[in-house]
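> Okay, so here is structure36.tsv, and as you'll see once you scroll down, it has TSV, C-alpha atoms and all ligand atoms.
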chain	number	residue	atom	x	y	z
T	200	MET	CA	12.34	-19.93	-29.29
T	201	LYS	CA	9.57	-22.33	-28.32
T	202	LEU	CA	7.32	-21.42	-25.37
T	203	LYS	CA	8.48	-24.47	-23.41
T	204	GLU	CA	12.12	-23.36	-23.81
T	205	LEU	CA	11.23	-19.85	-22.67
T	206	TYR	CA	9.39	-21.33	-19.68
T	207	THR	CA	12.48	-23.33	-18.69
T	208	ALA	CA	14.74	-20.29	-19.07
T	209	VAL	CA	12.44	-18.07	-16.97
T	210	ARG	CA	12.04	-20.76	-14.31
T	211	ASP	CA	15.82	-21.18	-14.06
T	212	ILE	CA	16.31	-17.42	-13.60
T	213	LEU	CA	13.63	-17.33	-10.89
T	214	LYS	CA	15.16	-20.22	-8.93
T	215	SER	CA	17.38	-17.81	-6.97
T	216	ALA	CA	14.47	-15.53	-5.95
T	217	SER	CA	11.46	-17.75	-5.51
T	218	ASP	CA	10.41	-20.83	-3.56
T	219	SER	CA	8.10	-21.83	-6.38
T	220	PRO	CA	9.95	-20.82	-9.57
T	221	GLY	CA	7.80	-23.06	-11.78
T	222	SER	CA	4.48	-21.50	-10.86
T	223	GLU	CA	5.95	-17.97	-10.73
T	224	ALA	CA	7.39	-18.56	-14.23
T	225	LEU	CA	3.96	-19.55	-15.51
T	226	PHE	CA	2.41	-16.54	-13.82
T	227	LEU	CA	4.99	-14.15	-15.29
T	228	LEU	CA	4.61	-15.67	-18.77
T	229	SER	CA	0.84	-15.48	-18.58
T	230	GLU	CA	1.15	-11.72	-17.86
T	231	VAL	CA	3.66	-11.13	-20.68
T	232	MET	CA	1.78	-13.19	-23.26
T	233	VAL	CA	-1.72	-12.23	-22.05
T	234	LYS	CA	-2.78	-15.86	-21.84
T	235	THR	CA	-4.20	-17.97	-19.05
T	236	ARG	CA	-1.93	-20.60	-17.46
T	237	GLU	CA	-4.04	-23.33	-19.07
T	238	ARG	CA	-3.65	-21.74	-22.52
T	239	LEU	CA	0.11	-21.41	-22.00
T	240	LEU	CA	0.42	-25.11	-21.23
T	241	MET	CA	-1.55	-25.99	-24.36
T	242	ASP	CA	0.68	-23.69	-26.48
T	243	PHE	CA	4.02	-25.02	-25.14
T	244	GLU	CA	5.17	-26.16	-28.59
T	245	ASP	CA	4.44	-22.76	-30.26
T	246	GLU	CA	7.15	-20.32	-31.31
T	247	VAL	CA	7.24	-17.10	-29.23
T	248	GLU	CA	7.85	-13.67	-30.78
T	249	GLN	CA	11.35	-12.34	-30.08
T	250	ARG	CA	9.92	-9.20	-28.43
T	251	GLN	CA	8.02	-11.33	-25.91
T	252	VAL	CA	11.07	-13.51	-25.25
T	253	GLU	CA	13.08	-10.39	-24.41
T	254	THR	CA	10.35	-8.93	-22.16
T	255	ALA	CA	9.92	-12.20	-20.26
T	256	LEU	CA	13.67	-12.64	-19.68
T	257	PHE	CA	14.07	-8.98	-18.68
T	258	LEU	CA	11.26	-9.24	-16.10
T	259	ALA	CA	12.52	-12.59	-14.79
T	260	ARG	CA	15.98	-11.07	-14.22
T	261	LYS	CA	14.43	-8.07	-12.42
T	262	ARG	CA	12.39	-10.44	-10.24
T	263	ALA	CA	15.56	-12.43	-9.48
T	264	GLU	CA	17.18	-9.18	-8.27
T	265	GLY	CA	14.39	-8.84	-5.70
T	266	TYR	CA	12.04	-6.64	-7.76
T	267	PRO	CA	8.52	-7.14	-6.34
T	268	LEU	CA	6.09	-9.23	-8.38
T	269	GLN	CA	3.44	-6.47	-8.03
T	270	TYR	CA	5.69	-4.03	-9.95
T	271	ILE	CA	6.06	-6.61	-12.73
T	272	THR	CA	2.38	-7.45	-13.04
T	273	LYS	CA	1.32	-3.85	-12.22
T	274	LYS	CA	-1.40	-5.28	-9.97
T	275	CYS	CA	-1.77	-5.65	-6.22
T	276	HIS	CA	-4.47	-6.97	-3.93
T	277	PHE	CA	-6.00	-5.35	-0.87
T	278	TYR	CA	-9.30	-5.85	0.96
T	279	ASN	CA	-10.74	-7.95	-1.88
T	280	LEU	CA	-9.78	-5.31	-4.42
T	281	GLU	CA	-7.43	-5.70	-7.37
T	282	LEU	CA	-5.63	-2.39	-7.69
T	283	HIS	CA	-3.31	-0.85	-10.28
T	284	ILE	CA	0.22	-0.20	-9.08
T	285	CYS	CA	3.51	0.86	-10.63
T	286	GLU	CA	7.09	1.27	-9.55
T	287	GLY	CA	7.41	4.35	-7.35
T	288	VAL	CA	4.20	3.62	-5.42
T	289	PHE	CA	4.05	1.74	-2.08
T	290	ILE	CA	2.64	-1.81	-2.27
T	291	PRO	CA	-0.27	-2.24	0.20
T	292	ARG	CA	0.37	-4.68	3.06
T	293	ILE	CA	-2.14	-7.15	4.43
T	294	GLU	CA	-1.77	-5.72	7.98
T	295	THR	CA	-3.31	-2.44	6.79
T	296	GLU	CA	-6.61	-4.24	6.07
T	297	VAL	CA	-7.12	-4.19	9.87
T	298	LEU	CA	-6.81	-0.40	9.83
T	299	VAL	CA	-9.63	-0.31	7.26
T	300	ASP	CA	-11.81	-2.51	9.51
T	301	LEU	CA	-11.15	-0.18	12.46
T	302	ALA	CA	-11.99	2.86	10.34
T	303	ILE	CA	-15.23	1.37	8.98
T	304	GLU	CA	-16.34	0.34	12.49
T	305	THR	CA	-15.59	3.84	13.83
T	306	ILE	CA	-17.45	5.48	10.94
T	307	HIS	CA	-20.54	3.36	11.53
T	308	GLU	CA	-20.49	3.69	15.34
T	309	ASN	CA	-20.19	7.48	15.26
T	310	ASP	CA	-22.11	8.15	12.06
T	311	ILE	CA	-19.05	9.91	10.63
T	312	LYS	CA	-19.74	11.82	7.42
T	313	THR	CA	-16.27	12.90	6.29
T	314	VAL	CA	-12.94	11.05	6.38
T	315	ALA	CA	-9.41	11.85	5.21
T	316	ASP	CA	-6.64	9.36	4.37
T	317	ILE	CA	-3.17	10.88	4.56
T	318	GLY	CA	-0.48	9.26	2.40
T	319	THR	CA	-2.92	7.30	0.29
T	320	GLY	CA	-0.42	5.53	-2.02
T	321	THR	CA	-2.50	3.35	-4.35
T	322	GLY	CA	-5.62	4.76	-2.66
T	323	CYS	CA	-6.22	1.35	-1.08
T	324	ILE	CA	-7.48	2.56	2.33
T	325	ALA	CA	-9.55	5.44	0.93
T	326	ILE	CA	-11.18	3.25	-1.74
T	327	ALA	CA	-11.99	0.43	0.70
T	328	ILE	CA	-13.61	2.98	3.05
T	329	ALA	CA	-15.55	4.67	0.24
T	330	LEU	CA	-16.87	1.32	-0.96
T	331	ASN	CA	-17.97	0.16	2.48
T	332	THR	CA	-19.43	3.33	4.05
T	333	HIS	CA	-21.47	6.35	3.00
T	334	SER	CA	-18.84	8.85	4.10
T	335	GLU	CA	-17.25	11.47	1.89
T	336	VAL	CA	-13.55	10.62	1.43
T	337	TYR	CA	-10.51	12.88	0.96
T	338	ALA	CA	-7.12	11.34	0.20
T	339	THR	CA	-3.72	13.02	0.06
T	340	ASP	CA	-0.15	12.20	-0.85
T	341	VAL	CA	3.13	14.02	-1.47
T	342	ASN	CA	3.88	11.66	-4.37
T	343	GLU	CA	2.38	12.68	-7.71
T	344	LYS	CA	2.70	9.14	-9.12
T	345	ALA	CA	0.73	7.76	-6.15
T	346	LEU	CA	-2.05	10.28	-6.76
T	347	GLU	CA	-2.23	9.27	-10.45
T	348	ILE	CA	-2.51	5.59	-9.51
T	349	ALA	CA	-5.06	6.34	-6.76
T	350	LYS	CA	-7.15	8.27	-9.31
T	351	LYS	CA	-7.06	5.32	-11.70
T	352	ASN	CA	-8.03	2.92	-8.89
T	353	ALA	CA	-10.90	5.13	-7.68
T	354	LYS	CA	-12.18	5.27	-11.25
T	355	LYS	CA	-11.93	1.48	-11.59
T	356	TYR	CA	-14.17	1.04	-8.54
T	357	GLY	CA	-16.45	3.98	-9.40
T	358	VAL	CA	-15.87	5.84	-6.13
T	359	ASP	CA	-15.73	9.59	-5.82
T	360	ILE	CA	-12.66	10.51	-3.75
T	361	THR	CA	-11.14	13.99	-3.56
T	362	LEU	CA	-7.41	13.59	-4.19
T	363	LEU	CA	-5.09	16.33	-2.97
T	364	LYS	CA	-1.33	16.84	-3.14
T	365	GLY	CA	0.71	18.01	-0.17
T	366	PRO	CA	2.30	17.04	3.13
T	367	TYR	CA	0.58	16.28	6.44
T	368	LEU	CA	-2.57	18.40	7.03
T	369	GLU	CA	-1.59	21.10	4.54
T	370	PRO	CA	-3.84	20.15	1.59
T	371	LEU	CA	-6.75	19.42	3.96
T	372	ILE	CA	-6.79	22.82	5.69
T	373	PRO	CA	-9.78	24.15	3.67
T	374	PHE	CA	-11.82	21.05	4.59
T	375	LEU	CA	-10.66	20.44	8.17
T	376	ASP	CA	-13.85	21.75	9.75
T	377	LYS	CA	-15.93	18.92	8.35
T	378	ILE	CA	-13.33	16.11	8.56
T	379	GLU	CA	-14.21	13.99	11.59
T	380	LEU	CA	-11.85	11.04	11.10
T	381	ILE	CA	-8.26	11.00	9.81
T	382	VAL	CA	-6.67	7.67	8.93
T	383	SER	CA	-3.13	6.99	7.79
T	384	ASN	CA	-0.54	4.34	7.20
T	385	PRO	CA	2.37	6.78	7.21
T	386	PRO	CA	6.08	6.15	6.71
T	387	TYR	CA	7.41	4.78	10.02
T	388	VAL	CA	10.63	2.90	9.26
T	389	SER	CA	13.93	4.01	10.80
T	390	THR	CA	16.51	5.26	8.29
T	391	LYS	CA	18.92	2.89	10.07
T	392	ALA	CA	16.79	-0.21	9.34
T	393	GLU	CA	18.14	-2.88	7.02
T	394	LEU	CA	15.33	-3.79	4.67
T	395	PRO	CA	14.94	-6.86	2.44
T	396	ALA	CA	15.76	-6.40	-1.26
T	397	ASP	CA	12.14	-6.22	-2.41
T	398	VAL	CA	11.19	-3.53	0.15
T	399	ARG	CA	14.26	-1.49	-0.92
T	400	LYS	CA	12.69	-1.26	-4.40
T	401	GLU	CA	9.79	0.74	-2.93
T	402	PRO	CA	9.86	4.55	-2.73
T	403	SER	CA	11.89	5.76	0.24
T	404	GLU	CA	9.48	8.60	1.13
T	405	ALA	CA	6.79	5.96	1.69
T	406	LEU	CA	8.93	4.08	4.21
T	407	PHE	CA	11.41	6.21	6.09
T	408	ALA	CA	10.66	8.68	8.86
T	409	GLY	CA	13.94	9.77	10.45
T	410	GLU	CA	16.36	7.81	12.60
T	411	ASP	CA	13.69	6.60	15.02
T	412	GLY	CA	10.94	6.22	12.41
T	413	LEU	CA	8.74	8.67	14.33
T	414	GLU	CA	9.29	11.85	12.32
T	415	PHE	CA	5.93	11.65	10.55
T	416	PHE	CA	4.05	11.35	13.86
T	417	ARG	CA	5.96	14.26	15.45
T	418	ASN	CA	5.27	16.55	12.50
T	419	PHE	CA	1.65	15.45	12.17
T	420	PHE	CA	0.96	16.27	15.83
T	421	SER	CA	3.02	19.48	15.86
T	422	ASP	CA	-0.13	21.66	15.84
T	423	VAL	CA	-2.67	19.55	17.65
T	424	SER	CA	-5.15	22.47	17.89
T	425	LEU	CA	-5.99	21.71	14.23
T	426	LEU	CA	-7.14	18.23	15.28
T	427	LYS	CA	-9.50	19.19	18.10
T	428	ASP	CA	-12.50	16.80	18.41
T	429	LYS	CA	-11.27	14.59	15.56
T	430	THR	CA	-10.55	10.89	15.70
T	431	ILE	CA	-7.19	9.69	14.35
T	432	ILE	CA	-6.48	6.06	13.40
T	433	MET	CA	-2.92	5.30	12.35
T	434	GLU	CA	-0.60	2.40	11.71
T	435	PHE	CA	2.87	2.24	13.29
T	436	SER	CA	5.64	-0.26	13.93
T	437	PRO	CA	5.02	-2.49	16.99
T	438	GLU	CA	8.21	-1.43	18.83
T	439	GLN	CA	7.10	2.23	18.65
T	440	LYS	CA	4.09	1.70	20.93
T	441	ASP	CA	5.61	3.34	24.05
T	442	SER	CA	6.88	6.35	22.09
T	443	ILE	CA	3.49	6.79	20.42
T	444	GLU	CA	1.77	6.59	23.78
T	445	LYS	CA	4.14	9.21	25.22
T	446	LEU	CA	3.63	11.49	22.23
T	447	CYS	CA	-0.18	11.25	22.08
T	448	ASN	CA	-1.28	10.72	25.68
T	449	ALA	CA	-1.63	14.42	26.36
T	450	PHE	CA	-3.87	14.96	23.33
T	451	GLY	CA	-6.78	12.72	24.32
T	452	LYS	CA	-7.86	9.14	24.83
T	453	ILE	CA	-5.63	6.62	23.05
T	454	THR	CA	-6.44	2.95	22.37
T	455	PHE	CA	-4.16	0.36	20.75
T	456	PHE	CA	-5.10	-2.50	18.43
T	457	ASN	CA	-3.29	-5.57	17.13
T	458	ASP	CA	-2.84	-6.72	13.55
T	459	GLN	CA	-3.69	-10.24	12.28
T	460	PHE	CA	-0.34	-11.49	13.60
T	461	ASN	CA	-0.99	-10.32	17.16
T	462	LYS	CA	1.39	-7.35	16.92
T	463	THR	CA	0.28	-3.97	18.29
T	464	ARG	CA	0.20	-1.90	15.09
T	465	PHE	CA	-2.62	0.64	15.26
T	466	PHE	CA	-3.76	3.42	17.56
T	467	LYS	CA	-7.02	5.26	17.74
T	468	LEU	CA	-6.87	8.68	19.32
T	469	ALA	CA	-9.88	10.81	20.19
T	470	VAL	CA	-8.36	14.29	20.29
T	471	GLU	CA	-9.84	16.52	23.00
H	501	LIG	N1	-1.84	4.23	2.37
H	501	LIG	C1	-1.05	3.44	1.46
H	501	LIG	C2	-1.02	2.00	1.90
H	501	LIG	O1	-1.35	1.71	3.05
H	501	LIG	O2	-0.66	1.14	1.08
H	501	LIG	C3	0.38	3.97	1.34
H	501	LIG	C4	1.15	3.91	2.62
H	501	LIG	S1	2.89	4.29	2.48
H	501	LIG	C5	3.52	3.44	3.86
H	501	LIG	C6	2.99	5.98	2.98
H	501	LIG	C7	2.49	6.99	1.95
H	501	LIG	O3	2.57	8.30	2.52
H	501	LIG	C8	3.29	7.04	0.66
H	501	LIG	O4	2.43	7.01	-0.44
H	501	LIG	C9	4.05	8.39	0.73
H	501	LIG	O5	4.25	8.99	-0.53
H	501	LIG	C10	3.12	9.22	1.59
H	501	LIG	N2	3.74	10.27	2.38
H	501	LIG	C11	5.00	10.30	2.91
H	501	LIG	N3	5.18	11.43	3.64
H	501	LIG	C12	4.01	12.11	3.58
H	501	LIG	C13	3.55	13.36	4.13
H	501	LIG	N4	4.35	14.10	4.89
H	501	LIG	N5	2.30	13.77	3.86
H	501	LIG	C14	1.47	13.01	3.09
H	501	LIG	N6	1.84	11.84	2.55
H	501	LIG	C15	3.09	11.39	2.78
H	502	LIG	N1	5.32	-2.39	7.04
H	502	LIG	C1	6.14	-1.77	6.01
H	502	LIG	C2	7.36	-2.61	5.74
H	502	LIG	O1	7.19	-3.72	5.30
H	502	LIG	C3	6.44	-0.34	6.38
H	502	LIG	C4	5.21	0.45	6.18
H	502	LIG	C5	5.28	1.86	6.59
H	502	LIG	O2	6.32	2.48	6.80
H	502	LIG	N2	4.13	2.37	6.73
H	502	LIG	O3	8.50	-2.23	5.91
Starting from the file, lay out its structure as structure tokens.
Ligand code: SAM
Ligand code: GLN


Amino acid sequence: MKLKELYTAVRDILKSASDSPGSEALFLLSEVMVKTRERLLMDFEDEVEQRQVETALFLARKRAEGYPLQYITKKCHFYNLELHICEGVFIPRIETEVLVDLAIETIHENDIKTVADIGTGTGCIAIAIALNTHSEVYATDVNEKALEIAKKNAKKYGVDITLLKGPYLEPLIPFLDKIELIVSNPPYVSTKAELPADVRKEPSEALFAGEDGLEFFRNFFSDVSLLKDKTIIMEFSPEQKDSIEKLCNAFGKITFFNDQFNKTRFFKLAVE
């Protein structure tokens, strides 16, 4: 098959899933064939190897079923970083970049030396913090695949992050004395929520937190004595603000922050 025929076939498959099937087709082909878009256009009359034809059509069909582009290209972008990702690991969202800004500001203002990121996924928050501050960074996850990807990403950016496996504060217990700031974008979606097809392709333990989406927060704050004098910055879903306030008010001073789209999505809690 000629490249231009493959391009047409891929573009036609993508029509159902994409608003710009032509440019997505070029992007997907450039990943499969390891060529720039410009090179692809110059090689349109060339014959393509059967193996590459099959890969391109397979990926285009997956994309048409709602499979996220990041899982196809195995790359995602966050805070000016290009990170490795694979299926089974949560894709960083642009809103979470605001959480990183809040964390960096807090670290600088209070001269914080040690930070922990709980539920690190690709390692995006931990790596952005390590690159932009002098603090020592710990990062945890319950998902082994996420920890592997986070390790690869930390290596790519040459940052030294201590990666630990386990739920909530458990893996951090030996280091809790020195950890001054804990950040997290935890799972906070209700199990009753109807999610778009692409989000449903992401790991459920990264998204869901019980019927009200608050299970992670309840468990995290179940033994608040462990958090004494620490600052906590977390992301949540805008409609959970009142519940978060009710849950955390007794523990210390709580402040809320908006994301780029003017939705209240983060809280900062100074535990007393
Ligand atoms: N921090 C990453 C980001 O912002 O892209 C990933 C966030 S994702 C919404 C939540 C992450 O928390 C997932 O990687 C999931 O595996 C992890 N996770 C879920 N429950 C956890 C728990 N109890 N303790 C630690 N990590 C957990
Ligand atoms: N904001 C994510 C979504 O698109 C959910 C992230 C989370 O649970 N932390 O559904």

> Give as an MDAnalysis selection string the residues surrounding ligand LIG 502 (chain H) up to a distance of 10 Å, considering all atoms listed in the file.

chainID T and resid 289:295 318 383:389 392:395 397:399 401 403:408 412 415 433:437 464

> With all atoms listed in the file as the atoms that count, which of T:Val247, T:Val297, T:Ala255, T:Leu205 lies nearest to ligand LIG 501 (chain H)?

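Result for the nearest residue to ligand LIG 501 (chain H): T:Val297.
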
> Looking at T:Asp376, T:Asp422, T:Glu308, T:Asp316, which one is nearest to ligand LIG 501 (chain H), with distances taken over only C-alpha atoms and all ligand atoms?

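The answer is T:Asp316, which sits nearest to ligand LIG 501 (chain H).
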
> Centre and edge lengths, as JSON, for the axis-aligned box enclosing every listed atom of ligand LIG 501 (chain H) with 5 Å of padding on each of the six sides, in Å to one decimal?


{"center_x": 1.7, "center_y": 7.6, "center_z": 2.2, "size_x": 17.0, "size_y": 23.0, "size_z": 15.4}

> Quick one: residues within 10 Å of segment 261-277 of chain T, only C-alpha atoms counted, chain neighbours fewer than 4 positions away excluded, as a PyMOL selection string?

chain T and resi 209+211-217+223+226-227+229-231+255-257+281-296+321+323-324+327+395-401

> Determine the nearest neighbour of ligand LIG 501 (chain H) from the options T:Ile443, T:Leu425, T:Leu346, T:Val233, counting all atoms listed in the file.

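So, comparing all the options, the nearest one is T:Leu346.
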
> In the coordinate frame of the file, compute which residues have an atom within 7 Å of (-7.0, -1.9, 12.5) when using only C-alpha atoms, and state them as a count of residues only.

11

> Excluding segment 330-345 of chain T and residues on its chain fewer than 3 positions from it, collect all residues at most 7 Å away from it, counting all atoms listed in the file, and give them as a tab-separated table (two decimals) with C-alpha atoms, in the frame of the given file.


chain	number	residue	atom	x	y	z
T	287	GLY	CA	7.41	4.35	-7.35
T	288	VAL	CA	4.20	3.62	-5.42
T	303	ILE	CA	-15.23	1.37	8.98
T	311	ILE	CA	-19.05	9.91	10.63
T	312	LYS	CA	-19.74	11.82	7.42
T	313	THR	CA	-16.27	12.90	6.29
T	314	VAL	CA	-12.94	11.05	6.38
T	315	ALA	CA	-9.41	11.85	5.21
T	316	ASP	CA	-6.64	9.36	4.37
T	317	ILE	CA	-3.17	10.88	4.56
T	318	GLY	CA	-0.48	9.26	2.40
T	319	THR	CA	-2.92	7.30	0.29
T	320	GLY	CA	-0.42	5.53	-2.02
T	321	THR	CA	-2.50	3.35	-4.35
T	325	ALA	CA	-9.55	5.44	0.93
T	326	ILE	CA	-11.18	3.25	-1.74
T	327	ALA	CA	-11.99	0.43	0.70
T	348	ILE	CA	-2.51	5.59	-9.51
T	349	ALA	CA	-5.06	6.34	-6.76
T	358	VAL	CA	-15.87	5.84	-6.13
T	360	ILE	CA	-12.66	10.51	-3.75
T	361	THR	CA	-11.14	13.99	-3.56
T	362	LEU	CA	-7.41	13.59	-4.19
T	363	LEU	CA	-5.09	16.33	-2.97
T	364	LYS	CA	-1.33	16.84	-3.14
T	365	GLY	CA	0.71	18.01	-0.17
T	366	PRO	CA	2.30	17.04	3.13

> Nearest to ligand LIG 501 (chain H): which of T:Glu410, T:Asp441, T:Glu304, T:Glu369 is it, counting all atoms listed in the file?

T:Glu369

> Give me, please, the distance in Å between atom CA of Asp428 of chain T and atom O5 of ligand LIG 501 (chain H), quoted to one decimal.

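Atom-to-atom, atom CA of Asp428 of chain T and atom O5 of ligand LIG 501 (chain H) are spaced 26.5 Å apart.
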
> Of the candidates T:Phe460, T:Tyr206, T:Tyr356, T:Phe420, which shows the shortest atom-to-atom distance to ligand LIG 501 (chain H), using only C-alpha atoms and all ligand atoms?

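The shortest atom-to-atom distance to ligand LIG 501 (chain H) comes from T:Phe420.
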
> Check the smallest atom-to-atom distance from each of T:Asp411, T:Glu253, T:Glu246, T:Glu471 to Ala208 of chain T using only C-alpha atoms, then report the winner.

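The answer is T:Glu253, which sits nearest to Ala208 of chain T.
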
> What does the structure give for the distance between atom CA of His307 of chain T and atom CA of Leu368 of chain T, in Å to one decimal?

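Result for atom CA of His307 of chain T versus atom CA of Leu368 of chain T: 23.9 Å, one decimal.
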
> How many Å lie between atom CA of Thr430 of chain T and atom CA of Lys355 of chain T, rounded to one decimal?

28.9 Å

> Give as a PyMOL selection string the set of residues within 7 Å of the point (-11.6, 13.8, 13.2), where distances use the file's coordinates and all atoms listed in the file.

chain T and resi 378-381+426+428-431

> Next, write the just-selected residues to a file, as a compact mmCIF listing (two decimals), keeping the file's coordinate frame, keeping C-alpha atoms as the atom set.


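Resulting contents of again30.txt:
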# COMPACT_ATOMS: atom_id res chain seq x y z
CA ILE T 378 -13.33 16.11 8.56
CA GLU T 379 -14.21 13.99 11.59
CA LEU T 380 -11.85 11.04 11.10
CA ILE T 381 -8.26 11.00 9.81
CA LEU T 426 -7.14 18.23 15.28
CA ASP T 428 -12.50 16.80 18.41
CA LYS T 429 -11.27 14.59 15.56
CA THR T 430 -10.55 10.89 15.70
CA ILE T 431 -7.19 9.69 14.35
